[in-house]
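Student: Below is protein_26.csv; it holds CSV, C-alpha atoms.
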chain,number,residue,atom,x,y,z
F,1,MET,CA,33.5,10.9,-23.0
F,2,ARG,CA,31.0,9.4,-20.6
F,3,ALA,CA,30.2,5.7,-20.7
F,4,ALA,CA,28.7,2.8,-18.8
F,5,PHE,CA,31.5,0.2,-18.4
F,6,ILE,CA,32.9,-2.6,-16.3
F,7,LYS,CA,36.4,-3.5,-15.1
F,8,THR,CA,35.6,-7.1,-14.3
F,9,LEU,CA,32.8,-9.5,-15.1
F,10,GLY,CA,30.1,-9.9,-12.6
F,11,PRO,CA,26.8,-8.5,-11.3
F,12,PRO,CA,25.0,-5.3,-12.4
F,13,GLU,CA,26.6,-3.4,-9.6
F,14,ASN,CA,30.0,-3.8,-11.4
F,15,ILE,CA,28.8,-1.3,-14.0
F,16,ARG,CA,30.3,2.1,-13.6
F,17,TYR,CA,29.2,5.4,-15.1
F,18,GLY,CA,32.1,7.8,-15.8
F,19,GLU,CA,34.7,9.1,-18.1
F,20,LEU,CA,36.7,7.1,-20.6
F,21,PRO,CA,39.0,8.2,-23.4
F,22,THR,CA,37.2,8.9,-26.7
F,23,PRO,CA,38.0,6.1,-29.1
F,24,GLU,CA,39.8,6.7,-32.4
F,25,PRO,CA,38.5,5.1,-35.6
F,26,GLY,CA,40.8,2.9,-37.5
F,27,PRO,CA,41.1,2.9,-41.3
F,28,THR,CA,37.9,1.0,-41.9
F,29,ASP,CA,36.0,2.3,-38.9
F,30,VAL,CA,33.4,4.9,-38.2
F,31,LEU,CA,33.2,7.1,-35.1
F,32,VAL,CA,29.5,7.5,-34.1
F,33,ASP,CA,27.9,10.1,-31.9
F,34,VAL,CA,25.4,7.9,-30.0
F,35,THR,CA,21.8,9.0,-29.9
F,36,ALA,CA,20.2,5.9,-28.3
F,37,VAL,CA,21.3,2.4,-27.0
F,38,ALA,CA,19.0,-0.5,-26.4
F,39,VAL,CA,19.2,-2.7,-23.2
F,40,ASN,CA,19.0,-6.4,-24.1
F,41,SER,CA,19.1,-9.5,-22.1
F,42,VAL,CA,22.2,-10.6,-24.0
F,43,ASP,CA,24.0,-7.6,-22.6
F,44,THR,CA,23.5,-9.0,-19.1
F,45,PHE,CA,24.9,-12.4,-20.3
F,46,VAL,CA,28.1,-10.8,-21.5
F,47,ARG,CA,28.5,-8.6,-18.5
F,48,SER,CA,28.0,-11.4,-16.1
F,49,GLY,CA,30.3,-13.9,-17.9
F,50,PHE,CA,27.5,-16.3,-18.7
F,51,PHE,CA,28.0,-15.8,-22.4
F,52,ARG,CA,31.8,-16.3,-22.9
F,53,THR,CA,33.3,-13.9,-25.4
F,54,PRO,CA,36.5,-12.0,-25.6
F,55,VAL,CA,36.3,-8.8,-23.4
F,56,VAL,CA,38.9,-6.0,-23.1
F,57,PHE,CA,38.7,-4.0,-19.9
F,58,PRO,CA,37.6,-1.4,-19.2
F,59,PHE,CA,34.7,-2.8,-21.2
F,60,VAL,CA,31.8,-0.6,-22.4
F,61,VAL,CA,28.5,-2.6,-22.2
F,62,GLY,CA,25.7,-2.7,-24.7
F,63,ARG,CA,25.2,-4.0,-28.2
F,64,ASP,CA,22.7,-1.9,-30.2
F,65,LEU,CA,22.9,1.8,-31.1
F,66,VAL,CA,21.5,4.5,-33.3
F,67,GLY,CA,23.6,7.6,-33.8
F,68,THR,CA,25.2,10.0,-36.2
F,69,VAL,CA,28.5,9.7,-38.0
F,70,ALA,CA,31.1,12.0,-36.4
F,71,ALA,CA,34.2,10.9,-38.4
F,72,THR,CA,35.3,8.1,-40.8
F,73,GLY,CA,38.4,6.2,-41.5
F,74,PRO,CA,39.8,6.5,-45.0
F,75,GLY,CA,38.6,3.0,-45.9
F,76,ALA,CA,35.1,3.3,-44.4
F,77,VAL,CA,33.3,3.8,-47.7
F,78,GLY,CA,29.7,4.6,-47.9
F,79,PHE,CA,29.5,6.8,-44.8
F,80,ALA,CA,29.7,10.6,-44.4
F,81,VAL,CA,29.7,12.9,-41.4
F,82,GLY,CA,26.1,13.6,-40.4
F,83,ASP,CA,24.7,10.3,-41.6
F,84,ALA,CA,22.1,8.6,-39.3
F,85,VAL,CA,23.3,5.1,-38.7
F,86,TRP,CA,22.7,2.0,-36.6
F,87,SER,CA,24.5,-1.1,-35.5
F,88,ASN,CA,23.5,-4.3,-33.5
F,89,SER,CA,26.7,-6.3,-33.1
F,90,LEU,CA,28.9,-4.3,-30.6
F,91,GLY,CA,29.9,-5.4,-27.1
F,92,HIS,CA,31.1,-8.9,-27.8
F,93,GLY,CA,33.8,-10.7,-29.9
F,94,GLY,CA,36.4,-8.3,-28.6
F,95,ARG,CA,34.4,-5.2,-29.7
F,96,GLN,CA,33.6,-2.5,-27.2
F,97,GLY,CA,30.0,-1.8,-26.5
F,98,ALA,CA,27.5,0.9,-27.4
F,99,ALA,CA,26.7,2.5,-24.0
F,100,ALA,CA,28.8,5.6,-24.4
F,101,GLU,CA,28.6,9.1,-25.9
F,102,ARG,CA,30.9,8.1,-28.8
F,103,VAL,CA,31.5,4.6,-30.2
F,104,VAL,CA,33.8,3.2,-32.9
F,105,VAL,CA,32.0,0.8,-35.3
F,106,ALA,CA,33.5,-1.2,-38.1
F,107,ALA,CA,32.0,0.0,-41.4
F,108,ASP,CA,30.8,-3.5,-42.3
F,109,ARG,CA,28.8,-3.7,-39.1
F,110,LEU,CA,27.1,-0.3,-39.6
F,111,TYR,CA,23.9,0.5,-41.5
F,112,HIS,CA,22.2,3.6,-42.6
F,113,LEU,CA,19.0,4.5,-40.7
F,114,PRO,CA,16.0,4.9,-43.1
F,115,LEU,CA,14.9,8.5,-43.6
F,116,GLY,CA,12.3,9.5,-41.0
F,117,ALA,CA,12.8,6.5,-38.7
F,118,ASP,CA,12.6,7.5,-35.0
F,119,PRO,CA,16.0,6.7,-33.4
F,120,VAL,CA,14.7,5.5,-30.1
F,121,ARG,CA,12.0,3.3,-31.6
F,122,ALA,CA,14.5,2.0,-34.2
F,123,VAL,CA,17.1,1.0,-31.7
F,124,ALA,CA,14.5,-0.8,-29.6
F,125,VAL,CA,13.6,-3.2,-32.5
F,126,ALA,CA,17.0,-3.6,-34.2
F,127,HIS,CA,18.1,-6.6,-32.2
F,128,PRO,CA,14.8,-8.4,-31.9
F,129,ALA,CA,14.0,-7.9,-35.6
F,130,ALA,CA,17.4,-9.0,-36.8
F,131,THR,CA,17.1,-12.1,-34.6
F,132,ALA,CA,13.7,-12.8,-36.1
F,133,TYR,CA,15.0,-12.6,-39.6
F,134,LEU,CA,17.8,-15.0,-39.0
F,135,ALA,CA,15.5,-17.4,-37.2
F,136,LEU,CA,12.9,-17.4,-40.0
F,137,PHE,CA,15.1,-17.4,-43.1
F,138,THR,CA,18.8,-18.1,-42.4
F,139,HIS,CA,18.2,-20.9,-40.0
F,140,GLY,CA,14.5,-21.8,-40.6
F,141,GLY,CA,14.4,-21.7,-44.4
F,142,LEU,CA,10.9,-20.2,-44.5
F,143,ARG,CA,9.1,-20.3,-47.8
F,144,ALA,CA,5.8,-18.7,-48.9
F,145,GLY,CA,2.7,-20.7,-48.2
F,146,GLU,CA,4.2,-22.5,-45.1
F,147,THR,CA,2.7,-22.4,-41.6
F,148,VAL,CA,4.8,-20.9,-38.8
F,149,LEU,CA,4.1,-21.3,-35.1
F,150,VAL,CA,5.3,-18.5,-32.9
F,151,LEU,CA,5.2,-19.1,-29.1
F,152,GLY,CA,5.6,-15.8,-27.2
F,153,GLY,CA,4.1,-13.9,-30.2
F,154,ALA,CA,3.5,-10.7,-28.3
F,155,GLY,CA,7.1,-10.2,-27.2
F,156,ASN,CA,9.8,-8.2,-28.9
F,157,VAL,CA,11.2,-11.1,-31.0
F,158,GLY,CA,7.8,-12.7,-31.3
F,159,SER,CA,6.2,-9.6,-32.8
F,160,ALA,CA,9.0,-9.3,-35.3
F,161,LEU,CA,8.6,-13.0,-36.2
F,162,ILE,CA,4.9,-12.6,-36.9
F,163,THR,CA,5.5,-9.4,-39.0
F,164,MET,CA,8.3,-10.9,-41.1
F,165,ALA,CA,6.6,-14.3,-41.6
F,166,TRP,CA,3.4,-12.7,-42.8
F,167,GLU,CA,5.3,-10.4,-45.1
F,168,ALA,CA,7.0,-13.5,-46.6
F,169,GLY,CA,3.6,-15.0,-47.4
F,170,ALA,CA,3.4,-17.5,-44.6
F,171,ARG,CA,0.5,-18.4,-42.4
F,172,VAL,CA,1.2,-17.5,-38.8
F,173,ILE,CA,-0.2,-19.1,-35.7
F,174,ALA,CA,0.7,-17.2,-32.5
F,175,VAL,CA,0.6,-18.3,-28.9
F,176,ALA,CA,0.3,-15.4,-26.5
F,177,ALA,CA,-1.8,-14.0,-23.6
F,178,ASP,CA,-5.4,-13.4,-24.5
F,179,ARG,CA,-4.9,-9.7,-23.9
F,180,ASP,CA,-2.4,-9.6,-26.7
F,181,ALA,CA,-4.5,-11.4,-29.3
F,182,ASP,CA,-5.5,-8.2,-31.1
F,183,HIS,CA,-1.9,-7.1,-31.3
F,184,CYS,CA,-0.8,-10.4,-32.8
F,185,ARG,CA,-3.6,-10.3,-35.3
F,186,ALA,CA,-2.7,-6.8,-36.3
F,187,LEU,CA,0.8,-8.0,-37.1
F,188,GLY,CA,-0.5,-10.8,-39.4
F,189,ALA,CA,-1.3,-13.8,-37.2
F,190,SER,CA,-4.3,-15.7,-38.6
F,191,ASP,CA,-4.8,-17.6,-35.3
F,192,VAL,CA,-3.9,-16.5,-31.8
F,193,ILE,CA,-4.2,-19.1,-29.0
F,194,ASP,CA,-4.0,-18.2,-25.3
F,195,TYR,CA,-0.9,-19.8,-23.8
F,196,ARG,CA,-2.9,-20.6,-20.6
F,197,GLU,CA,-5.5,-22.6,-22.5
F,198,PRO,CA,-5.9,-26.2,-21.1
F,199,GLY,CA,-4.8,-28.6,-23.8
F,200,LEU,CA,-2.7,-26.0,-25.6
F,201,VAL,CA,-1.1,-28.5,-28.0
F,202,GLU,CA,-4.5,-29.8,-29.1
F,203,HIS,CA,-5.7,-26.2,-29.8
F,204,ILE,CA,-2.6,-25.7,-32.0
F,205,ARG,CA,-3.2,-29.0,-33.7
F,206,ASN,CA,-6.8,-28.0,-34.5
F,207,ALA,CA,-5.5,-24.7,-36.0
F,208,SER,CA,-3.1,-26.6,-38.3
F,209,PRO,CA,-4.2,-30.3,-38.6
F,210,ARG,CA,-1.3,-31.2,-41.0
F,211,GLY,CA,1.2,-29.7,-38.6
F,212,VAL,CA,3.4,-26.6,-38.7
F,213,ASP,CA,6.4,-26.2,-41.0
F,214,LEU,CA,8.4,-24.0,-38.7
F,215,HIS,CA,8.3,-24.0,-34.9
F,216,LEU,CA,9.7,-21.0,-33.0
F,217,ASP,CA,9.6,-20.6,-29.2
F,218,THR,CA,10.7,-17.2,-28.0
F,219,SER,CA,9.6,-17.9,-24.4
F,220,GLY,CA,12.6,-20.0,-23.6
F,221,ARG,CA,10.6,-23.0,-22.4
F,222,ASN,CA,11.5,-25.2,-25.4
F,223,ASP,CA,9.1,-28.0,-24.9
F,224,LEU,CA,10.6,-30.2,-27.6
F,225,ALA,CA,8.2,-33.1,-27.1
F,226,ALA,CA,5.3,-30.8,-28.0
F,227,ALA,CA,7.3,-29.1,-30.8
F,228,VAL,CA,8.0,-32.5,-32.5
F,229,GLU,CA,4.4,-33.5,-32.0
F,230,LEU,CA,3.2,-30.3,-33.7
F,231,CYS,CA,5.6,-30.4,-36.6
F,232,ALA,CA,4.4,-31.4,-40.1
F,233,PRO,CA,6.5,-34.0,-41.9
F,234,ARG,CA,9.9,-32.4,-42.5
F,235,GLY,CA,9.0,-29.6,-40.2
F,236,ARG,CA,11.8,-27.5,-38.7
F,237,ILE,CA,12.4,-26.3,-35.2
F,238,VAL,CA,14.6,-23.3,-34.5
F,239,VAL,CA,15.8,-22.8,-31.0
F,240,LEU,CA,16.7,-19.2,-30.3
F,241,SER,CA,16.2,-18.6,-26.5
F,242,GLY,CA,16.2,-20.4,-23.2
F,243,ALA,CA,19.9,-20.6,-22.5
F,244,ARG,CA,19.3,-22.5,-19.2
F,245,SER,CA,16.5,-24.8,-20.4
F,246,ARG,CA,17.1,-28.6,-20.4
F,247,PRO,CA,14.1,-30.1,-22.3
F,248,VAL,CA,13.5,-33.8,-23.0
F,249,PHE,CA,14.1,-34.6,-26.7
F,250,PRO,CA,11.8,-37.2,-28.3
F,251,VAL,CA,14.4,-38.7,-30.7
F,252,GLY,CA,12.2,-41.4,-32.2
F,253,ALA,CA,9.3,-39.2,-33.2
F,254,PHE,CA,11.7,-36.6,-34.4
F,255,TYR,CA,13.6,-38.7,-36.9
F,256,MET,CA,10.5,-40.7,-38.0
F,257,LYS,CA,9.0,-37.4,-39.2
F,258,ASP,CA,12.1,-36.3,-41.0
F,259,CYS,CA,12.2,-33.2,-38.8
F,260,SER,CA,15.2,-31.0,-38.3
F,261,ILE,CA,16.3,-28.7,-35.5
F,262,ASN,CA,18.7,-25.7,-35.6
F,263,GLY,CA,19.9,-23.5,-32.8
F,264,PHE,CA,21.5,-20.2,-33.1
F,265,VAL,CA,22.5,-17.0,-31.3
F,266,ILE,CA,22.8,-13.8,-33.2
F,267,SER,CA,26.3,-13.2,-31.7
F,268,HIS,CA,27.6,-15.9,-34.0
F,269,ALA,CA,26.0,-14.5,-37.1
F,270,THR,CA,28.5,-13.6,-39.9
F,271,VAL,CA,28.9,-10.0,-41.1
F,272,ALA,CA,27.1,-11.0,-44.3
F,273,GLU,CA,24.2,-12.6,-42.4
F,274,LEU,CA,23.9,-9.5,-40.3
F,275,ALA,CA,23.9,-7.2,-43.3
F,276,GLU,CA,21.2,-9.3,-45.0
F,277,ALA,CA,19.1,-9.1,-41.9
F,278,ALA,CA,19.7,-5.3,-41.6
F,279,ALA,CA,18.4,-4.8,-45.2
F,280,ALA,CA,15.2,-6.5,-44.2
F,281,VAL,CA,14.9,-4.5,-41.0
F,282,ASN,CA,15.5,-1.3,-42.8
F,283,ARG,CA,12.8,-2.1,-45.4
F,284,LEU,CA,10.3,-2.7,-42.7
F,285,LEU,CA,11.4,0.3,-40.7
F,286,ALA,CA,10.9,2.5,-43.8
F,287,ALA,CA,7.5,1.0,-44.3
F,288,GLY,CA,6.5,1.7,-40.7
F,289,ARG,CA,6.0,-2.0,-40.1
F,290,LEU,CA,8.4,-2.4,-37.2
F,291,GLY,CA,8.1,-0.7,-33.8
F,292,PRO,CA,8.2,-1.5,-30.1
F,293,ARG,CA,4.9,-1.7,-28.2
F,294,GLN,CA,6.3,0.2,-25.3
F,295,VAL,CA,9.6,1.9,-25.1
F,296,GLU,CA,11.0,3.9,-22.1
F,297,ALA,CA,14.0,6.2,-22.3
F,298,TYR,CA,16.6,6.5,-19.5
F,299,PRO,CA,19.9,8.3,-19.0
F,300,LEU,CA,23.1,6.5,-19.6
F,301,SER,CA,23.8,6.7,-15.9
F,302,ALA,CA,20.8,4.3,-15.3
F,303,THR,CA,22.6,1.3,-17.0
F,304,ALA,CA,23.4,-0.6,-13.9
F,305,ALA,CA,19.9,-0.3,-12.5
F,306,LEU,CA,18.4,-1.4,-15.8
F,307,HIS,CA,20.6,-4.5,-15.9
F,308,ARG,CA,19.4,-5.3,-12.4
F,309,ASN,CA,15.7,-4.7,-13.4
F,310,MET,CA,16.1,-6.9,-16.5
F,311,GLU,CA,17.6,-9.8,-14.5
F,312,ASP,CA,14.8,-9.5,-11.9
F,313,GLY,CA,12.2,-9.7,-14.7
F,314,GLU,CA,10.9,-6.1,-14.1
F,315,LEU,CA,11.2,-5.1,-17.8
F,316,HIS,CA,9.0,-7.8,-19.2
F,317,GLY,CA,7.1,-6.4,-22.2
F,318,ARG,CA,8.9,-3.1,-22.1
F,319,ARG,CA,11.9,-1.9,-24.0
F,320,ALA,CA,14.5,0.2,-22.2
F,321,VAL,CA,16.6,2.6,-24.2
F,322,LEU,CA,19.5,4.6,-23.0
F,323,ARG,CA,19.9,8.2,-24.2
F,324,PRO,CA,23.3,9.9,-23.4
F,325,ASP,CA,21.7,13.4,-23.8
F,326,LEU,CA,19.4,12.8,-20.8
F,327,ASP,CA,22.5,12.9,-18.5
F,328,THR,CA,23.2,16.5,-19.4
With the file now loaded, output its structure as structure tokens.
Tutor:
Amino acid sequence: MRAAFIKTLGPPENIRYGELPTPEPGPTDVLVDVTAVAVNSVDTFVRSGFFRTPVVFPFVVGRDLVGTVAATGPGAVGFAVGDAVWSNSLGHGGRQGAAAERVVVAADRLYHLPLGADPVRAVAVAHPAATAYLALFTHGGLRAGETVLVLGGAGNVGSALITMAWEAGARVIAVAADRDADHCRALGASDVIDYREPGLVEHIRNASPRGVDLHLDTSGRNDLAAAVELCAPRGRIVVLSGARSRPVFPVGAFYMKDCSINGFVISHATVAELAEAAAAVNRLLAAGRLGPRQVEAYPLSATAALHRNMEDGELHGRRAVLRPDLDT
């Protein structure tokens, strides 16, 4: 089978496109014919070695896929040949990645794709939407009636955060570019503030005078001084991006407000947490409430170039999806 893989950690140029043996499913595994694979920034972290995780070489890159069941192990209950499926936790923790024509997935990390869902659009939102669910509910403890602040509201994760928070009965304040205000409002944001506004913190405070209950910054800037200032008493901050950021932390104001802060990466989510997130993602996919703003399909052979483009910031606002059938 053809795959995009590396033989050593390093830059995008280490990615090769070529033949590898077709994997064999174990007793509780499913062999999947891959339809589409998303390209995520976390894929570049694993490939480069920035995110340390067990890797077996040759290592197939990529995390998220949508495909069709080709074969199942005897203990892989709930799946049958021909089922449309998806997964978003490959390519780390010793597991091979998704960027191949055929991939083996453990049955407990595989989910049915809702009937009628477009594979390319579904794979583009799987990782951002699951991340958003974990941020809001698993780590953020969101409850109906609370106020959520989403910085970077027009991005992939930000859009999913707005959608899911609104669906849960929360009030959402989004920070985004002015050109994206209508998009954020359509997803459920009650207030949208231009991130370039002078006195941004004051504008947010005016939109929520008592403070925000849950603060989420998808931009990676992580201005914790502003975050603590904007939090309501017992407000929560969830840190989910900005691996290289080194913000100043206002300890005194933080503990005097009874605030809390949690950080997480989806790579550390348990199988049960991922399954819970997947159920929410599937419900919204089936309802037509999740979808990328702009998705572009590329052949599997373009993986190295796309990793380079992502690291150079050239994919900002666009979702790149690999389709093995485009190489034929």
Student: Could you give me, as a list in words, the residues within 10 Å of stretch 266-275 of chain F, counting all atoms listed in the file and dropping anything in the same chain fewer than 3 positions from it?
Tutor: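 Once the nearby chain positions are removed, what remains is Val42, Phe51, Thr53, Arg63, Ser87, Asn88, Ser89, Leu90, Gly91, His92, Gly93, Asp108, Arg109, Leu110, Tyr111, His127, Pro128, Ala130, Thr131, Ala132, Tyr133, Leu134, Ala135, Thr138, Leu240, Ala278, Ala279, Ala280 and Val281 of chain F.
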Student: Find the residue from F:Val239, F:Ala277, F:Leu9, F:Ala117 that sits nearest to F:Ser260; use only C-alpha atoms when measuring.
Tutor: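 Counting only C-alpha atoms, the residue closest to F:Ser260 is F:Val239.
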Student: Nearest to F:Arg289 among F:Val148, F:Ala80, F:Val192, F:Ala186, with distances taken over all atoms listed in the file: which residue is it?
Tutor: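 Counting all atoms listed in the file, the residue closest to F:Arg289 is F:Ala186.
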Student: Quick one: residues within 8 Å of F:Asp217, all atoms listed in the file, excluding same-chain residues fewer than 2 positions away - as a list in words?
Tutor: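 Returned residues: Val150, Leu151, Gly152, His215, Ser219, Gly220, Arg221, Asn222, Val238, Val239, Leu240 and Ser241 of chain F.
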Student: As an exercise, work out the distance from atom CA of F:Phe249 to atom CA of F:Glu229 in Å and give it to one decimal place.
Tutor: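 Straight-line distance from atom CA of F:Phe249 to atom CA of F:Glu229 works out to 11.1 Å.
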Student: Kindly give the distance, in Å, that separates atom CA of F:Glu167 and atom CA of F:Arg185, rounded to a single decimal.
Tutor: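 Atom CA of F:Glu167 sits 13.2 Å away from atom CA of F:Arg185.
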Student: Counting all atoms listed in the file, find the residues whose atoms lie at most 6 Å from (26.5, 9.9, -36.6) (file coordinates) and write them out as a list in words.
Tutor: Val32, Asp33, Gly67, Thr68, Val69, Ala70, Gly82, Asp83 and Ala84 of chain F
Student: Which value, in Å to one decimal, gives the distance between atom CA of F:Asn282 and atom CA of F:Leu214?
Tutor: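 Spanning atom CA of F:Asn282 to atom CA of F:Leu214 is a straight-line distance of 24.1 Å.
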Student: Neighbouring residues of F:Cys184 were defined as those with any atom within 10 Å, considering all atoms listed in the file; residues of the same chain fewer than 4 positions away were excluded. Please report them as a ChimeraX atom specification.
Tutor: /F:153-155,158-159,162-163,172-180,188-192
Student: Which one is closest to F:Val77: F:Pro11, F:Thr28, F:Met1, F:Ala98? Count only C-alpha atoms.
Tutor: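 Going through F:Pro11, F:Thr28, F:Met1, F:Ala98 one by one, the smallest distance to F:Val77 is for F:Thr28.
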